[in-house]
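Worksheet for the structure shown next.
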Amino acid sequence: MTGSPRPAAGPPAAGAAGAWEQLLAGRVDPSAGPELAERYGPLVAHRGPLVIAQLGQSLDGFIASRTGHAEYVTGPEDREHLHRLRALVDAVVVGVGTVAADDCRLTVRAVPGRHPTRVVLDPSARAPAGSAVLTDGVAPTVWVVGSGAAVPAELAPHVVVLRVPAAPRRLDPQDVLAALAARGLDRVLVEGGGRTVSGFLEAGTLHRLYLTTAPMLIGDGVPGIRFRGADRLSGALRAPVRRFQLGDDLCTELTFRA
């Protein structure tokens with residue numbers, strides 16, 4: 001299924017459009033569009049399972065205000081970057097809190113590309129019945145719930161319920177990825193929120209993390225990356241990095257596994 005080509009920040013140059021189409025087809029041609037090839041070429045060239053994550057946050061580490069308002073922390077260029085990542089994976093994963101707070105669609109709209117399968121992590125099956133991912137049918141939705149969670153008897157045809165053993169209010173990232181891989185979904189983008197991305201990071205499942213920081217200070221709000229760290233800075237999590245300017249925002253790509 002192809003999303004509407006609606007760029008987030010003006011129409012792309014012909015060369016960039018051609019480069020993106022080649023990347024979608026699995027070809028990396030730096031001569032057609034060096035910036036896109038440099039940024040997304042490694043994802044296209046990757047063979048085997050791939051798990052990446054993306055998060056946009058303020059300089060002081062928040063993804064939303066204390067009321068949950070998050071429109072928008074980062075700018076249109078970062079949102080276009082997010083849509084490009086969606087177009088390059090089989091599935092996009094979010095926690096139920098993101099669905100409840102944002103009623104996100106998780107589709108590819110800012111650039112040409114195929115909609116990924118939408119995956120909602122929801123141990124107790126509390127996703128709002130009227131949320132877009134459960135009702136719109138634009139893309140398949142996999143509703144991942146705990147083994148004993150009660151789900152409605154009738155669901156839209158595009159929704160599949162996938163049961164995974166769950167600790168109280170928590171699904172294990174390794175179990176989730178194994179269940180998705182069994183369905184042929186082995187290129188995965190973990191998109192939000194902060195708790196979900198942090199969980200996949202702490203579990204050691206991520207190949208790459210794209211962390212975009214916006215030039216703003218929120219002061220207090222919904223935190224972004226949070227996990228149990230080391231007692232000493234010598235044990236802090238480090239990885240090779242690349243950085244991309246996205247309008248006023250700065251995206252840092254951390255590569256944990258090739």
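Following the order of the structure tokens, first chain is A, next is B, and so on, with residues numbered from 1 inside each chain and ligands from 1 in the order they appear.
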
Q. Near stretch 79-85 of chain A, within 7 Å and counting only C-alpha atoms, which residues show up once chain neighbours fewer than 2 positions away are dropped, as a PyMOL selection string?
A. chain A and resi 8+75-77+87-89+108-111

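Residues surrounding stretch 217-234 of chain A within 7 Å are Gln57, Ser58, Leu59, Asp60, Gly61, Phe62, Ile63, Ala64, Ser65, Arg66, Gly68, Gly194, Ser198 and Glu202 of chain A [only C-alpha atoms; sequence separation below 5 positions excluded].
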
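Neighbouring residues of A:Gly18 at 12 Å or closer, counting only C-alpha atoms and skipping chain neighbours under 4 positions away, are A:Pro12, A:Ala13, A:Ala14, A:Gln22, A:Leu23, A:Leu24, A:Ala25, A:Arg27, A:Val28, A:Asp29, A:Pro30, A:Ser31, A:Ala32, A:Gly33, A:Pro34, A:Leu36, A:Ala37, A:Pro112.
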
Any chance you could export the current selection's all heavy atoms as a short mmCIF file (atom, residue, chain, number, x, y, z; two decimals), in the first residue's frame?
data_model
loop_
_atom_site.label_atom_id
_atom_site.label_comp_id
_atom_site.auth_asym_id
_atom_site.auth_seq_id
_atom_site.Cartn_x
_atom_site.Cartn_y
_atom_site.Cartn_z
N PRO A 12 10.50 17.82 -2.79
CA PRO A 12 11.89 17.43 -2.89
C PRO A 12 12.45 17.73 -4.27
O PRO A 12 11.72 17.80 -5.25
CB PRO A 12 11.83 15.91 -2.65
CG PRO A 12 10.47 15.52 -3.12
CD PRO A 12 9.59 16.69 -2.81
N ALA A 13 13.74 17.93 -4.32
CA ALA A 13 14.40 18.09 -5.61
C ALA A 13 14.27 16.80 -6.38
O ALA A 13 14.14 15.72 -5.82
CB ALA A 13 15.87 18.45 -5.40
N ALA A 14 14.34 16.90 -7.73
CA ALA A 14 14.17 15.72 -8.56
C ALA A 14 15.19 14.65 -8.23
O ALA A 14 14.89 13.47 -8.18
CB ALA A 14 14.27 16.12 -10.04
N GLN A 22 14.91 4.88 -5.42
CA GLN A 22 15.89 3.80 -5.52
C GLN A 22 16.11 3.12 -4.18
O GLN A 22 16.24 1.89 -4.11
CB GLN A 22 17.21 4.33 -6.08
CG GLN A 22 17.14 4.75 -7.53
CD GLN A 22 18.51 4.96 -8.14
OE1 GLN A 22 19.41 4.15 -7.96
NE2 GLN A 22 18.68 6.06 -8.87
N LEU A 23 16.14 3.91 -3.12
CA LEU A 23 16.31 3.32 -1.79
C LEU A 23 15.12 2.42 -1.45
O LEU A 23 15.29 1.32 -0.90
CB LEU A 23 16.45 4.42 -0.75
CG LEU A 23 17.79 5.17 -0.73
CD1 LEU A 23 17.71 6.40 0.14
CD2 LEU A 23 18.92 4.26 -0.25
N LEU A 24 13.92 2.85 -1.79
CA LEU A 24 12.75 2.02 -1.55
C LEU A 24 12.81 0.71 -2.32
O LEU A 24 12.29 -0.31 -1.89
CB LEU A 24 11.47 2.78 -1.92
CG LEU A 24 11.06 3.94 -1.02
CD1 LEU A 24 9.81 4.61 -1.57
CD2 LEU A 24 10.81 3.48 0.41
N ALA A 25 13.47 0.76 -3.48
CA ALA A 25 13.62 -0.45 -4.30
C ALA A 25 14.81 -1.31 -3.87
O ALA A 25 15.08 -2.33 -4.48
CB ALA A 25 13.76 -0.06 -5.77
N ARG A 27 18.07 -0.21 -3.65
CA ARG A 27 19.34 0.17 -4.29
C ARG A 27 19.87 1.44 -3.64
O ARG A 27 19.11 2.37 -3.37
CB ARG A 27 19.14 0.39 -5.80
CG ARG A 27 18.64 -0.84 -6.54
CD ARG A 27 18.67 -0.62 -8.04
NE ARG A 27 17.81 0.49 -8.45
CZ ARG A 27 16.52 0.37 -8.74
NH1 ARG A 27 15.92 -0.80 -8.64
NH2 ARG A 27 15.81 1.42 -9.12
N VAL A 28 21.18 1.48 -3.43
CA VAL A 28 21.83 2.65 -2.84
C VAL A 28 22.71 3.27 -3.90
O VAL A 28 23.71 2.69 -4.33
CB VAL A 28 22.67 2.26 -1.61
CG1 VAL A 28 23.32 3.50 -1.01
CG2 VAL A 28 21.82 1.55 -0.57
N ASP A 29 22.34 4.47 -4.36
CA ASP A 29 23.10 5.17 -5.39
C ASP A 29 23.45 6.57 -4.88
O ASP A 29 22.66 7.50 -5.02
CB ASP A 29 22.27 5.26 -6.68
CG ASP A 29 23.03 5.93 -7.82
OD1 ASP A 29 24.22 6.27 -7.62
OD2 ASP A 29 22.44 6.13 -8.89
N PRO A 30 24.64 6.74 -4.29
CA PRO A 30 25.02 8.05 -3.75
C PRO A 30 25.03 9.16 -4.79
O PRO A 30 24.80 10.32 -4.46
CB PRO A 30 26.43 7.81 -3.19
CG PRO A 30 26.48 6.33 -2.94
CD PRO A 30 25.66 5.72 -4.03
N SER A 31 25.26 8.82 -6.05
CA SER A 31 25.31 9.85 -7.08
C SER A 31 23.94 10.47 -7.32
O SER A 31 23.84 11.62 -7.75
CB SER A 31 25.85 9.27 -8.39
OG SER A 31 24.96 8.29 -8.91
N ALA A 32 22.86 9.73 -7.04
CA ALA A 32 21.51 10.26 -7.27
C ALA A 32 21.08 11.21 -6.16
O ALA A 32 20.34 12.15 -6.39
CB ALA A 32 20.51 9.11 -7.39
N GLY A 33 21.52 10.94 -4.95
CA GLY A 33 21.14 11.77 -3.80
C GLY A 33 22.04 11.44 -2.63
O GLY A 33 21.68 10.58 -1.82
N PRO A 34 23.21 12.07 -2.54
CA PRO A 34 24.20 11.67 -1.53
C PRO A 34 23.70 11.78 -0.09
O PRO A 34 24.03 10.94 0.74
CB PRO A 34 25.38 12.61 -1.79
CG PRO A 34 24.83 13.74 -2.61
CD PRO A 34 23.71 13.16 -3.40
N LEU A 36 20.55 11.46 1.17
CA LEU A 36 19.65 10.36 1.50
C LEU A 36 20.40 9.03 1.54
O LEU A 36 20.14 8.19 2.40
CB LEU A 36 18.50 10.30 0.50
CG LEU A 36 17.48 11.43 0.55
CD1 LEU A 36 16.43 11.24 -0.53
CD2 LEU A 36 16.83 11.52 1.91
N ALA A 37 21.30 8.84 0.60
CA ALA A 37 22.06 7.58 0.56
C ALA A 37 22.92 7.43 1.80
O ALA A 37 23.03 6.33 2.37
CB ALA A 37 22.92 7.53 -0.70
N PRO A 112 6.84 9.31 -0.31
CA PRO A 112 6.33 8.08 -0.92
C PRO A 112 6.81 6.87 -0.15
O PRO A 112 7.93 6.85 0.37
CB PRO A 112 6.93 8.12 -2.33
CG PRO A 112 7.30 9.55 -2.57
CD PRO A 112 7.68 10.11 -1.23
#

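For the pair atom CA of A:Pro173 and atom CA of A:Val197, the interatomic distance is 9.9 Å.
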
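Running DSSP on the backbone and keeping only helix (DSSP H, G or I), the residues of stretch 79-140 of chain A that qualify are Arg79, Glu80, His81, Leu82, His83, Arg84, Leu85, Arg86, Ala87, Val96, Gly97, Thr98, Val99, Ala100, Ala101, Asp102, Ala132, Val133, Leu134 and Thr135 of chain A.
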
Selection file, N, CA and C atoms, as a compact mmCIF listing (two decimals), in the first residue's frame:
# COMPACT_ATOMS: atom_id res chain seq x y z
N ARG A 79 9.94 14.99 11.38
CA ARG A 79 8.77 14.16 11.11
C ARG A 79 8.89 13.49 9.73
N GLU A 80 9.48 14.19 8.77
CA GLU A 80 9.73 13.57 7.47
C GLU A 80 10.73 12.41 7.62
N HIS A 81 11.77 12.64 8.42
CA HIS A 81 12.75 11.59 8.70
C HIS A 81 12.05 10.36 9.31
N LEU A 82 11.13 10.58 10.23
CA LEU A 82 10.40 9.47 10.85
C LEU A 82 9.60 8.71 9.80
N HIS A 83 8.96 9.41 8.89
CA HIS A 83 8.17 8.75 7.85
C HIS A 83 9.06 7.95 6.91
N ARG A 84 10.27 8.44 6.66
CA ARG A 84 11.21 7.66 5.84
C ARG A 84 11.58 6.36 6.55
N LEU A 85 11.82 6.43 7.85
CA LEU A 85 12.12 5.22 8.60
C LEU A 85 10.94 4.24 8.54
N ARG A 86 9.72 4.75 8.68
CA ARG A 86 8.55 3.88 8.59
C ARG A 86 8.51 3.16 7.24
N ALA A 87 8.86 3.88 6.18
CA ALA A 87 8.77 3.30 4.84
C ALA A 87 9.82 2.22 4.60
N VAL A 96 0.86 1.20 24.20
CA VAL A 96 -0.54 1.61 24.24
C VAL A 96 -0.69 3.04 24.76
N GLY A 97 0.25 3.50 25.60
CA GLY A 97 0.18 4.86 26.09
C GLY A 97 0.26 5.88 24.97
N THR A 98 1.08 5.60 23.96
CA THR A 98 1.19 6.50 22.81
C THR A 98 -0.10 6.51 22.01
N VAL A 99 -0.73 5.35 21.85
CA VAL A 99 -2.00 5.28 21.14
C VAL A 99 -3.07 6.07 21.89
N ALA A 100 -3.12 5.91 23.21
CA ALA A 100 -4.13 6.60 24.01
C ALA A 100 -3.92 8.11 24.01
N ALA A 101 -2.66 8.55 24.07
CA ALA A 101 -2.37 9.98 24.18
C ALA A 101 -2.46 10.70 22.84
N ASP A 102 -2.00 10.04 21.76
CA ASP A 102 -1.85 10.73 20.47
C ASP A 102 -2.82 10.28 19.40
N ALA A 132 -7.42 5.13 15.92
CA ALA A 132 -7.23 4.97 14.49
C ALA A 132 -6.64 3.61 14.12
N VAL A 133 -5.68 3.15 14.90
CA VAL A 133 -5.01 1.89 14.53
C VAL A 133 -5.97 0.70 14.60
N LEU A 134 -7.04 0.81 15.40
CA LEU A 134 -8.00 -0.28 15.51
C LEU A 134 -9.21 -0.12 14.60
N THR A 135 -9.35 1.05 13.95
CA THR A 135 -10.57 1.30 13.19
C THR A 135 -10.38 1.69 11.74
